[in-house]
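> So here's final24.cif (mmCIF, C-alpha atoms).
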```cif
data_final
loop_
_atom_site.label_atom_id
_atom_site.label_comp_id
_atom_site.auth_asym_id
_atom_site.auth_seq_id
_atom_site.Cartn_x
_atom_site.Cartn_y
_atom_site.Cartn_z
CA MET F 1 0.00 0.00 0.00
CA PRO F 2 1.31 3.51 -0.80
CA GLU F 3 2.05 5.87 2.05
CA PRO F 4 -0.98 8.00 3.00
CA LEU F 5 -0.65 11.62 1.95
CA PRO F 6 -1.58 14.55 4.20
CA LEU F 7 -4.60 15.63 2.13
CA ASP F 8 -6.06 12.18 1.54
CA GLY F 9 -9.83 12.37 1.94
CA ILE F 10 -10.09 16.03 0.95
CA ARG F 11 -12.08 16.65 -2.23
CA ILE F 12 -11.67 19.84 -4.25
CA ALA F 13 -13.94 21.07 -7.03
CA GLU F 14 -12.23 23.47 -9.39
CA VAL F 15 -13.62 25.80 -12.05
CA THR F 16 -10.39 27.49 -13.06
CA VAL F 17 -8.62 28.95 -16.06
CA VAL F 18 -5.07 29.83 -17.19
CA TRP F 19 -2.50 29.03 -14.46
CA ALA F 20 -3.08 30.73 -11.10
CA GLY F 21 -6.18 28.73 -10.14
CA PRO F 22 -5.00 25.43 -11.66
CA HIS F 23 -1.65 25.85 -9.88
CA VAL F 24 -3.43 25.96 -6.50
CA THR F 25 -5.19 22.67 -7.15
CA GLN F 26 -2.07 21.12 -8.69
CA LEU F 27 -0.20 21.64 -5.41
CA LEU F 28 -3.08 20.32 -3.30
CA GLY F 29 -3.62 17.36 -5.61
CA GLU F 30 0.04 16.42 -5.38
CA TRP F 31 -0.36 15.93 -1.66
CA GLY F 32 -3.41 13.69 -1.80
CA ALA F 33 -6.48 15.84 -2.43
CA ASP F 34 -9.04 14.44 -4.90
CA VAL F 35 -9.26 17.31 -7.40
CA VAL F 36 -12.28 17.26 -9.70
CA ARG F 37 -11.85 19.62 -12.60
CA VAL F 38 -15.25 20.87 -13.84
CA GLU F 39 -15.10 21.90 -17.51
CA PRO F 40 -17.61 22.20 -20.35
CA THR F 41 -17.57 20.39 -23.68
CA ASN F 42 -20.42 22.37 -25.30
CA ARG F 43 -18.41 25.59 -25.23
CA ILE F 44 -14.78 26.62 -24.85
CA GLN F 45 -13.41 27.27 -21.40
CA PRO F 46 -11.06 30.09 -22.40
CA TYR F 47 -7.34 29.90 -21.67
CA SER F 48 -7.55 26.38 -20.39
CA ARG F 49 -6.98 23.40 -22.70
CA GLY F 50 -6.19 25.58 -25.70
CA GLY F 51 -9.20 24.61 -27.84
CA GLU F 52 -9.72 28.20 -28.94
CA ARG F 53 -6.37 28.48 -30.73
CA VAL F 54 -5.54 25.22 -32.48
CA VAL F 55 -2.88 25.63 -35.17
CA THR F 56 -1.69 23.24 -37.85
CA SER F 57 1.49 21.22 -37.57
CA GLU F 58 3.09 23.38 -40.24
CA VAL F 59 2.31 26.63 -38.44
CA SER F 60 3.45 25.17 -35.12
CA ARG F 61 6.76 23.97 -36.56
CA ARG F 62 7.43 27.26 -38.31
CA ALA F 63 6.74 29.19 -35.11
CA ALA F 64 9.06 26.91 -33.14
CA GLU F 65 11.85 27.46 -35.66
CA GLN F 66 11.46 31.19 -35.01
CA GLY F 67 11.59 30.67 -31.25
CA THR F 68 7.86 31.01 -30.59
CA LEU F 69 5.78 28.13 -29.28
CA LEU F 70 2.24 29.05 -30.28
CA THR F 71 0.96 25.63 -29.34
CA ALA F 72 3.68 23.09 -28.73
CA PHE F 73 1.70 19.90 -29.28
CA PRO F 74 3.68 16.67 -28.87
CA ASP F 75 5.50 16.15 -32.18
CA PHE F 76 3.81 19.41 -33.29
CA ASP F 77 0.71 17.33 -34.05
CA PRO F 78 -2.66 18.63 -32.76
CA GLY F 79 -4.19 15.20 -33.36
CA ASP F 80 -7.93 14.61 -33.32
CA ASP F 81 -8.28 15.97 -29.79
CA PRO F 82 -5.94 18.96 -29.38
CA TRP F 83 -7.66 19.93 -26.11
CA ASN F 84 -6.03 16.84 -24.58
CA ARG F 85 -2.58 17.62 -26.01
CA SER F 86 -1.72 21.02 -24.56
CA PRO F 87 1.58 20.83 -22.65
CA ALA F 88 0.74 23.99 -20.71
CA PHE F 89 -2.48 22.41 -19.43
CA ASN F 90 -1.08 18.94 -18.90
CA ALA F 91 1.83 20.29 -16.85
CA HIS F 92 -0.53 21.33 -14.05
CA ALA F 93 -3.39 18.83 -14.54
CA ARG F 94 -1.66 15.72 -13.23
CA ASN F 95 -3.32 13.98 -10.26
CA LYS F 96 -6.71 15.47 -11.22
CA ARG F 97 -10.00 14.07 -12.51
CA SER F 98 -12.11 15.67 -15.24
CA MET F 99 -15.88 16.03 -15.14
CA SER F 100 -17.50 17.60 -18.19
CA CYS F 101 -20.14 20.01 -16.96
CA ASP F 102 -21.26 23.47 -18.07
CA VAL F 103 -22.03 25.31 -14.85
CA MET F 104 -23.70 28.10 -16.84
CA SER F 105 -26.53 25.74 -17.89
CA PRO F 106 -29.36 24.72 -15.50
CA GLU F 107 -28.40 21.04 -15.77
CA GLY F 108 -24.72 21.75 -15.25
CA ARG F 109 -25.42 24.01 -12.29
CA ALA F 110 -27.53 21.28 -10.68
CA ALA F 111 -24.72 18.74 -11.18
CA PHE F 112 -22.17 21.15 -9.77
CA LEU F 113 -24.29 21.72 -6.65
CA ARG F 114 -24.42 17.96 -6.15
CA LEU F 115 -20.64 17.92 -6.38
CA ILE F 116 -20.47 20.69 -3.77
CA GLU F 117 -22.37 18.45 -1.35
CA HIS F 118 -19.48 15.98 -1.57
CA SER F 119 -16.63 18.51 -1.60
CA ASP F 120 -14.50 20.21 1.03
CA VAL F 121 -13.16 23.02 -1.16
CA VAL F 122 -14.05 24.85 -4.34
CA VAL F 123 -11.46 26.93 -6.21
CA GLU F 124 -12.29 29.45 -8.93
CA ASN F 125 -10.37 32.29 -10.56
CA ASN F 126 -12.92 33.69 -12.99
CA VAL F 127 -14.01 37.30 -13.33
CA PRO F 128 -16.55 37.80 -10.47
CA VAL F 129 -19.50 38.58 -12.75
CA THR F 130 -19.21 35.11 -14.31
CA VAL F 131 -19.69 33.36 -10.97
CA GLU F 132 -22.53 35.71 -10.12
CA ARG F 133 -24.30 34.99 -13.40
CA ALA F 134 -23.96 31.27 -12.75
CA GLY F 135 -25.55 31.75 -9.31
CA LEU F 136 -22.62 29.98 -7.62
CA THR F 137 -21.41 32.58 -5.13
CA TYR F 138 -20.40 31.53 -1.63
CA ASP F 139 -23.72 32.51 -0.05
CA VAL F 140 -25.42 29.98 -2.36
CA LEU F 141 -22.85 27.20 -1.98
CA ARG F 142 -22.69 27.35 1.82
CA GLU F 143 -26.42 26.64 1.97
CA VAL F 144 -25.66 23.38 0.18
CA ASN F 145 -22.57 22.61 2.27
CA PRO F 146 -21.89 24.72 5.39
CA ARG F 147 -18.45 23.12 5.76
CA LEU F 148 -17.35 24.26 2.31
CA ILE F 149 -14.22 26.38 1.89
CA MET F 150 -14.33 28.56 -1.22
CA LEU F 151 -11.21 30.20 -2.64
CA ARG F 152 -11.94 33.03 -5.05
CA MET F 153 -9.08 34.52 -7.05
CA PRO F 154 -10.25 37.49 -9.15
CA ALA F 155 -7.66 39.76 -10.70
CA TYR F 156 -8.45 42.75 -8.48
CA GLY F 157 -11.03 41.74 -5.86
CA LEU F 158 -14.71 41.05 -5.24
CA GLU F 159 -15.48 44.73 -4.72
CA GLY F 160 -14.15 48.11 -5.77
CA PRO F 161 -14.10 49.87 -9.16
CA TYR F 162 -11.86 47.20 -10.73
CA LYS F 163 -14.01 44.27 -9.55
CA ASN F 164 -14.97 42.94 -12.99
CA TYR F 165 -11.84 43.91 -14.87
CA ARG F 166 -10.26 40.91 -16.55
CA GLY F 167 -6.56 40.28 -16.26
CA PHE F 168 -3.83 37.66 -16.38
CA GLY F 169 -0.81 37.64 -14.12
CA THR F 170 1.08 39.89 -16.52
CA HIS F 171 -1.70 42.52 -16.36
CA VAL F 172 -1.81 42.75 -12.57
CA GLU F 173 1.99 42.86 -12.51
CA GLY F 174 1.80 45.84 -14.82
CA MET F 175 -0.86 47.52 -12.70
CA ILE F 176 1.14 47.24 -9.47
CA GLY F 177 4.50 48.20 -11.03
CA HIS F 178 6.38 44.94 -11.39
CA HIS F 179 6.83 45.30 -15.15
CA TRP F 180 8.24 48.77 -14.57
CA LEU F 181 10.71 47.60 -11.94
CA ARG F 182 12.07 44.65 -13.87
CA GLY F 183 12.50 46.65 -17.07
CA TYR F 184 15.88 47.94 -18.16
CA PRO F 185 16.99 51.52 -17.47
CA ASP F 186 17.55 52.26 -21.15
CA GLY F 187 14.47 50.39 -22.38
CA THR F 188 10.71 50.17 -22.07
CA PRO F 189 8.53 47.77 -20.05
CA GLU F 190 7.41 45.61 -22.98
CA GLU F 191 11.00 44.45 -23.48
CA THR F 192 10.79 42.39 -20.29
CA GLY F 193 8.40 39.87 -21.85
CA GLU F 194 5.88 37.78 -19.98
CA ALA F 195 6.96 35.96 -16.84
CA PHE F 196 3.58 35.36 -15.11
CA THR F 197 5.28 35.60 -11.73
CA ALA F 198 2.00 36.64 -10.11
CA ASP F 199 0.33 33.41 -11.27
CA ALA F 200 3.14 31.27 -9.90
CA LEU F 201 3.06 32.95 -6.51
CA ALA F 202 -0.75 32.85 -6.37
CA GLY F 203 -0.67 29.06 -6.65
CA VAL F 204 1.48 28.75 -3.55
CA MET F 205 -0.45 31.42 -1.63
CA GLY F 206 -3.78 29.84 -2.52
CA ALA F 207 -2.69 26.37 -1.45
CA PHE F 208 -1.42 27.81 1.83
CA ALA F 209 -4.69 29.67 2.44
CA ILE F 210 -6.77 26.55 1.83
CA THR F 211 -4.72 24.34 4.15
CA ALA F 212 -4.97 27.02 6.86
CA ALA F 213 -8.74 27.18 6.35
CA LEU F 214 -9.00 23.39 6.59
CA LEU F 215 -7.19 23.51 9.94
CA ARG F 216 -9.53 26.26 11.10
CA ARG F 217 -12.55 24.18 10.08
CA GLU F 218 -11.35 21.42 12.38
CA VAL F 219 -11.88 23.88 15.25
CA THR F 220 -15.09 25.62 14.16
CA GLY F 221 -16.81 22.94 12.11
CA VAL F 222 -17.76 25.44 9.41
CA GLY F 223 -16.15 26.61 6.20
CA GLN F 224 -15.57 30.08 4.85
CA GLN F 225 -14.86 32.11 1.75
CA ILE F 226 -11.27 33.13 1.08
CA GLU F 227 -10.84 36.14 -1.20
CA MET F 228 -7.35 36.30 -2.69
CA PRO F 229 -7.05 38.84 -5.52
CA LEU F 230 -4.17 38.13 -7.86
CA ALA F 231 -2.85 41.68 -7.56
CA GLU F 232 -2.97 41.81 -3.77
CA SER F 233 -1.36 38.40 -3.29
CA PHE F 234 1.61 39.57 -5.36
CA LEU F 235 1.90 43.14 -4.08
CA PRO F 236 3.88 42.29 -0.88
CA ILE F 237 6.71 41.02 -3.10
CA LEU F 238 7.35 44.67 -3.95
CA GLY F 239 7.53 45.68 -0.30
CA GLU F 240 11.15 46.88 -0.51
CA TRP F 241 10.29 49.52 -3.10
CA ILE F 242 7.03 50.51 -1.41
CA LEU F 243 8.85 51.07 1.88
CA ASP F 244 11.60 53.03 0.14
CA TYR F 245 9.00 55.40 -1.24
CA THR F 246 6.99 55.76 1.98
CA MET F 247 10.09 56.22 4.14
CA ASN F 248 12.43 58.07 1.80
CA GLY F 249 10.25 59.54 -0.92
CA ARG F 250 12.25 57.78 -3.66
CA VAL F 251 10.41 56.65 -6.78
CA ALA F 252 11.94 53.40 -7.98
CA GLN F 253 13.30 53.26 -11.49
CA PRO F 254 13.63 50.22 -13.78
CA GLN F 255 16.12 47.80 -12.27
CA GLY F 256 16.98 45.40 -15.11
CA ASN F 257 19.99 43.42 -13.86
CA LEU F 258 21.15 46.20 -11.57
CA HIS F 259 21.79 45.90 -7.84
CA ARG F 260 21.89 48.80 -5.42
CA SER F 261 25.47 48.09 -4.33
CA HIS F 262 26.82 44.97 -6.08
CA ALA F 263 28.90 45.13 -9.26
CA PRO F 264 29.41 43.21 -11.42
CA HIS F 265 25.81 42.07 -11.20
CA GLY F 266 24.27 40.78 -14.39
CA VAL F 267 24.43 38.25 -17.22
CA TYR F 268 27.61 38.00 -19.30
CA PRO F 269 28.38 36.27 -22.62
CA THR F 270 30.19 32.94 -22.76
CA GLN F 271 31.45 30.59 -25.44
CA GLY F 272 28.94 29.71 -28.16
CA HIS F 273 25.88 31.33 -29.68
CA ASP F 274 23.57 33.00 -27.14
CA GLN F 275 25.30 31.43 -24.13
CA TRP F 276 25.53 33.31 -20.85
CA ILE F 277 26.53 33.22 -17.19
CA ALA F 278 24.98 35.18 -14.34
CA LEU F 279 27.33 36.84 -11.82
CA ASP F 280 26.78 38.60 -8.50
CA VAL F 281 29.85 40.05 -6.80
CA ALA F 282 29.37 41.76 -3.45
CA SER F 283 32.84 42.21 -1.94
CA ASP F 284 36.45 42.97 -2.82
CA ASP F 285 37.46 39.40 -1.97
CA GLU F 286 34.84 38.04 -4.38
CA PHE F 287 36.00 40.41 -7.13
CA ARG F 288 39.62 39.26 -6.67
CA ALA F 289 38.48 35.64 -6.87
CA LEU F 290 36.50 36.40 -10.05
CA CYS F 291 39.52 38.01 -11.68
CA ASP F 292 41.78 35.12 -10.64
CA VAL F 293 39.43 32.53 -12.20
CA LEU F 294 39.09 34.59 -15.38
CA GLY F 295 42.83 35.27 -15.58
CA ALA F 296 42.10 39.00 -15.68
CA PRO F 297 44.61 40.77 -13.35
CA HIS F 298 44.24 43.94 -15.40
CA LEU F 299 40.77 44.44 -13.93
CA LEU F 300 42.28 44.46 -10.43
CA GLU F 301 44.78 47.11 -11.50
CA ASP F 302 42.11 49.44 -12.88
CA ALA F 303 41.42 52.25 -10.38
CA ARG F 304 37.78 52.37 -11.50
CA PHE F 305 37.28 48.90 -10.06
CA ALA F 306 39.43 49.16 -6.94
CA SER F 307 36.56 49.03 -4.42
CA ALA F 308 32.94 48.00 -4.24
CA PRO F 309 31.66 51.62 -4.37
CA ALA F 310 33.98 52.37 -7.28
CA ARG F 311 32.85 49.28 -9.19
CA HIS F 312 29.22 50.21 -8.67
CA ALA F 313 29.81 53.78 -9.78
CA ASN F 314 31.58 52.50 -12.92
CA ARG F 315 29.38 49.45 -13.49
CA ASP F 316 28.81 50.13 -17.21
CA ALA F 317 32.54 50.30 -17.85
CA LEU F 318 33.05 47.19 -15.73
CA ASP F 319 30.45 45.24 -17.71
CA GLU F 320 32.15 46.28 -20.94
CA ALA F 321 35.57 45.24 -19.63
CA LEU F 322 34.30 41.95 -18.19
CA ALA F 323 32.53 40.65 -21.31
CA PRO F 324 35.76 39.84 -23.28
CA CYS F 325 36.97 37.86 -20.26
CA THR F 326 33.87 35.69 -19.97
CA ARG F 327 33.19 35.22 -23.71
CA PRO F 328 35.88 32.54 -24.34
CA GLN F 329 34.73 30.49 -21.34
CA ASP F 330 32.43 27.47 -21.32
CA LYS F 331 29.50 28.57 -19.17
CA ASP F 332 29.20 25.37 -17.12
CA ASP F 333 32.92 24.98 -16.54
CA LEU F 334 33.12 28.64 -15.49
CA PHE F 335 30.15 28.15 -13.17
CA TYR F 336 31.89 25.29 -11.36
CA ARG F 337 35.20 27.14 -11.04
CA LEU F 338 33.59 30.34 -9.76
CA GLN F 339 31.51 28.47 -7.20
CA ALA F 340 34.64 26.71 -5.98
CA ALA F 341 36.29 30.13 -5.60
CA GLY F 342 33.36 31.48 -3.56
CA VAL F 343 31.79 33.63 -6.28
CA CYS F 344 28.01 33.61 -6.69
CA ALA F 345 27.48 32.45 -10.29
CA ALA F 346 25.16 30.31 -12.38
CA ALA F 347 25.11 29.21 -16.00
CA VAL F 348 22.06 30.48 -17.87
CA HIS F 349 20.21 27.38 -19.07
CA ASP F 350 17.57 26.90 -21.72
CA GLU F 351 14.98 24.11 -21.60
CA LEU F 352 17.30 21.46 -23.04
CA ASP F 353 20.04 22.37 -20.56
CA LEU F 354 17.52 22.16 -17.75
CA LEU F 355 16.31 18.69 -18.71
CA ALA F 356 19.93 17.53 -18.76
CA SER F 357 20.81 19.13 -15.41
CA PRO F 358 22.93 16.74 -13.31
CA GLN F 359 21.54 18.34 -10.15
CA LEU F 360 17.90 17.69 -11.04
CA ALA F 361 18.77 14.23 -12.39
CA GLU F 362 20.50 13.30 -9.12
CA ARG F 363 17.44 14.41 -7.16
CA GLY F 364 15.00 12.65 -9.48
CA PHE F 365 13.01 15.84 -9.99
CA PHE F 366 11.63 15.12 -13.45
CA GLU F 367 9.12 12.28 -13.83
CA GLU F 368 7.85 10.51 -16.89
CA ILE F 369 4.09 10.33 -17.44
CA ASP F 370 2.39 8.12 -19.98
CA MET F 371 -0.87 9.81 -21.04
CA PRO F 372 -3.32 8.05 -23.37
CA GLY F 373 -3.21 9.59 -26.83
CA VAL F 374 -0.29 11.82 -25.88
CA GLY F 375 2.44 9.32 -25.10
CA ARG F 376 5.26 9.19 -22.58
CA HIS F 377 6.89 12.53 -21.84
CA THR F 378 8.97 14.15 -19.11
CA TYR F 379 7.18 16.49 -16.71
CA PRO F 380 8.35 18.67 -13.82
CA GLY F 381 8.04 16.69 -10.60
CA ILE F 382 6.87 17.58 -7.12
CA MET F 383 8.69 20.59 -5.74
CA THR F 384 9.08 19.55 -2.10
CA LYS F 385 10.48 16.39 -0.53
CA TRP F 386 9.26 15.21 2.87
CA ALA F 387 11.48 13.03 5.05
CA ASN F 388 8.68 10.71 6.20
CA THR F 389 6.22 11.00 3.32
CA PRO F 390 7.50 9.73 -0.04
CA ASN F 391 5.54 11.11 -2.96
CA HIS F 392 5.40 11.11 -6.75
CA ILE F 393 2.98 11.92 -9.56
CA ARG F 394 0.19 9.39 -9.12
CA ARG F 395 -1.91 9.78 -12.25
CA PRO F 396 -1.53 11.44 -15.66
CA PRO F 397 -3.42 14.58 -16.69
CA PRO F 398 -7.06 13.72 -17.39
CA LEU F 399 -8.57 13.61 -20.83
CA LEU F 400 -11.54 15.96 -21.15
CA GLY F 401 -14.46 14.25 -19.41
CA GLU F 402 -12.40 11.14 -18.70
CA HIS F 403 -13.98 10.54 -15.30
CA ASN F 404 -17.57 11.41 -16.15
CA GLU F 405 -19.12 8.06 -15.35
CA GLU F 406 -17.38 7.52 -12.03
CA ILE F 407 -18.29 11.04 -10.91
CA TYR F 408 -21.86 11.30 -12.21
CA LEU F 409 -22.89 7.71 -11.47
CA ASP F 410 -20.81 6.69 -8.46
CA LEU F 411 -20.20 9.97 -6.62
CA LEU F 412 -23.20 12.15 -7.50
CA GLY F 413 -25.79 9.40 -7.69
CA TYR F 414 -27.16 10.00 -11.19
CA SER F 415 -29.03 7.07 -12.70
CA ARG F 416 -27.78 5.55 -15.93
CA GLU F 417 -30.84 6.98 -17.70
CA GLU F 418 -30.18 10.51 -16.35
CA TYR F 419 -26.55 10.32 -17.32
CA ASP F 420 -27.24 9.00 -20.82
CA ASP F 421 -29.76 11.79 -21.35
CA LEU F 422 -27.13 14.45 -20.50
CA VAL F 423 -24.73 12.78 -22.93
CA ALA F 424 -27.35 12.61 -25.69
CA ARG F 425 -28.11 16.31 -25.26
CA GLY F 426 -24.43 17.27 -25.54
CA LEU F 427 -24.21 18.53 -21.94
CA VAL F 428 -21.79 15.78 -20.93
CA GLY F 429 -19.15 14.37 -23.24
CA PHE F 430 -15.55 13.47 -23.86
CA GLY F 431 -14.47 16.14 -26.33
CA HIS F 432 -15.56 19.29 -28.12
CA PRO F 433 -17.90 18.87 -31.10
CA GLU F 434 -16.95 20.51 -34.38
CA SER F 435 -19.54 23.21 -33.76
CA VAL F 436 -17.44 24.32 -30.79
CA VAL F 437 -13.93 23.64 -32.12
CA PRO F 438 -14.06 23.67 -35.95
CA ARG F 439 -11.59 21.23 -37.54
CA THR F 440 -9.29 23.69 -39.27
CA TRP F 441 -5.99 21.87 -38.72
#
```
Show me the file's structure as structure tokens.


Amino acid sequence: MPEPLPLDGIRIAEVTVVWAGPHVTQLLGEWGADVVRVEPTNRIQPYSRGGERVVTSEVSRRAAEQGTLLTAFPDFDPGDDPWNRSPAFNAHARNKRSMSCDVMSPEGRAAFLRLIEHSDVVVENNVPVTVERAGLTYDVLREVNPRLIMLRMPAYGLEGPYKNYRGFGTHVEGMIGHHWLRGYPDGTPEETGEAFTADALAGVMGAFAITAALLRREVTGVGQQIEMPLAESFLPILGEWILDYTMNGRVAQPQGNLHRSHAPHGVYPTQGHDQWIALDVASDDEFRALCDVLGAPHLLEDARFASAPARHANRDALDEALAPCTRPQDKDDLFYRLQAAGVCAAAVHDELDLLASPQLAERGFFEEIDMPGVGRHTYPGIMTKWANTPNHIRRPPPLLGEHNEEIYLDLLGYSREEYDDLVARGLVGFGHPESVVPRTW
């Protein structure tokens, strides 16, 4: 028998999109929760399985050659069911079950309320007006299940003038200033690209909030609504700059790779095309060690670089002088030698480098998953290791509607006749009909 996991016996219903909401349930599902993903087949759930933007193999390959992954289907093939072949979705959908159900329809809403009777938690990150139109707000759900914990993750909150504004992680990061801060001093914010840092953090914060609420329910016996706006959950990350303004009246400027006192501090070219190493030097001893490893005594003799304040004041000149010294070096070899000399450094890796990382290989981080119709591929593993609770990915990402029968018939108590009627009417199914996702690939 496998070791019991800490969230065994907890059932979570999720109606989520993009990454922030699904990341919450991914983390909880990894530690034993039964996550039931509720998703429609008779319409597209936007920014979920990718059914709204299916591209042909030719277009996908051409985009990849140009460095853009529009939709990176396995082998660049959308197949007959592209909604089951989205790597972005499948990366966070492991350990979940899929129930096809349109909560915006009367029949789907009724099925969802039955699911709520059997659930401990519901997670949603839709624009608030959508949940209100569906009639599935917390005041309704708690009448069905007073022990229910509901996590709501709108972009900006359940009240206020921005309540129903739509936004991804990149939008809220722009609104609260993160894009500005991580831009480059001589550039503009759009050059930073999309990082979706707010989504990543929201997953961890949401999982933490739910586990805390579950502990609280053990004391009170009742559930509660947790409101966690995407913008507000990320805003404390910028606390350093907020405090600097409130205490010192300084308006932060774009940081790029800059540090307030360290130099060199940035990414420097190494041997090969588009190969780089990241360096962070804080002290004179570290700078001497860097120069020794690089065989660059002339940098130590330059008065502009004689002290930490001088190096910071002349950081542009230092970067220019340092680049010829790092460019002939192999990035990984240089990384090892600098670390041995006590210099904070790391090779800049792309995806292929990452998959071949000896560190991650030694720790067994990546796991292979064999998904029907998709094949066996390598996925990121579970991000924490517990001394007394071994864990691994237990089940592959679910096909759309894969668990319909076991949920409708066994869990929710629908009769075979009721279930077959929902299937015949197109309210329950195992894929999108052509009227929803036209076959254009």

> For this file, the PyMOL selection byres ((chain F and resi 401) around 8) selects which residues, as a list in words?

Glu39, Ser98, Met99, Ser100, Pro398, Leu399, Leu400, Glu402, His403, Asn404, Val428, Gly429, Phe430 and Gly431 of chain F

> Taking into account all atoms listed in the file, which residue in the set F:Asp274, F:Asp77, F:Glu418, F:Asp34 is nearest to Val55 of chain F?

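Nearest candidate to Val55 of chain F out of F:Asp274, F:Asp77, F:Glu418, F:Asp34: F:Asp77.
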
> Expressed in Å to a single decimal, how great is the separation between atom CA of Arg85 of chain F and atom CA of Ala72 of chain F?

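That distance, rounded to one decimal, is 8.7 Å.
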
> Select all residues near (29.7, 32.6, -29.6) (cut-off 12 Å, inclusive, file coordinates), counting only C-alpha atoms, and output them as a list of chain:residue names.

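Nearby residues: F:Tyr268, F:Pro269, F:Thr270, F:Gln271, F:Gly272, F:His273, F:Asp274, F:Gln275, F:Trp276, F:Ala323, F:Pro324, F:Thr326, F:Arg327, F:Pro328, F:Gln329, F:Asp330, F:Lys331.
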
> Would you translate the PyMOL selection byres ((chain F and resi 332) around 9) into the concrete set of residues it matches in this file, as a tab-separated table (two decimals) with C-alpha atoms, in the coordinates of the input?


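Resulting contents of expr.tsv:
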```tsv
chain	number	residue	atom	x	y	z
F	277	ILE	CA	26.53	33.22	-17.19
F	329	GLN	CA	34.73	30.49	-21.34
F	330	ASP	CA	32.43	27.47	-21.32
F	331	LYS	CA	29.50	28.57	-19.17
F	333	ASP	CA	32.92	24.98	-16.54
F	334	LEU	CA	33.12	28.64	-15.49
F	335	PHE	CA	30.15	28.15	-13.17
F	336	TYR	CA	31.89	25.29	-11.36
F	337	ARG	CA	35.20	27.14	-11.04
F	346	ALA	CA	25.16	30.31	-12.38
F	347	ALA	CA	25.11	29.21	-16.00
F	348	VAL	CA	22.06	30.48	-17.87
```

> Can you turn the PyMOL selection byres ((chain F and resi 148-155) around 6) into a concrete residue list for this file, as a list in words?

Asp120, Val121, Val122, Val123, Glu124, Asn125, Val127, Asn145, Pro146, Arg147, Tyr156, Gly157, Gly167, Gly223, Gln224, Gln225, Ile226, Glu227, Met228, Pro229 and Leu230 of chain F

> Hey, which of F:Val36, F:Ala111, F:Leu141, F:Val204 ends up closest to Gly413 of chain F? Count only C-alpha atoms.

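Comparing F:Val36, F:Ala111, F:Leu141, F:Val204 against Gly413 of chain F, the winner is F:Ala111.
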
> Between atom CA of Leu300 of chain F and atom CA of Arg260 of chain F, what distance in Å does the model show, to one decimal?

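Interatomic distance, atom CA of Leu300 of chain F to atom CA of Arg260 of chain F: 21.4 Å.
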
> Report the distance between atom CA of Leu158 of chain F and atom CA of Gly21 of chain F in Å, rounded to one decimal place.

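Result for atom CA of Leu158 of chain F versus atom CA of Gly21 of chain F: 15.8 Å, one decimal.
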
> Counting all atoms listed in the file, what is within 8 Å of Pro397 of chain F, bar same-chain residues fewer than 4 positions away, as a ChimeraX atom specification?

/F:90-97,371
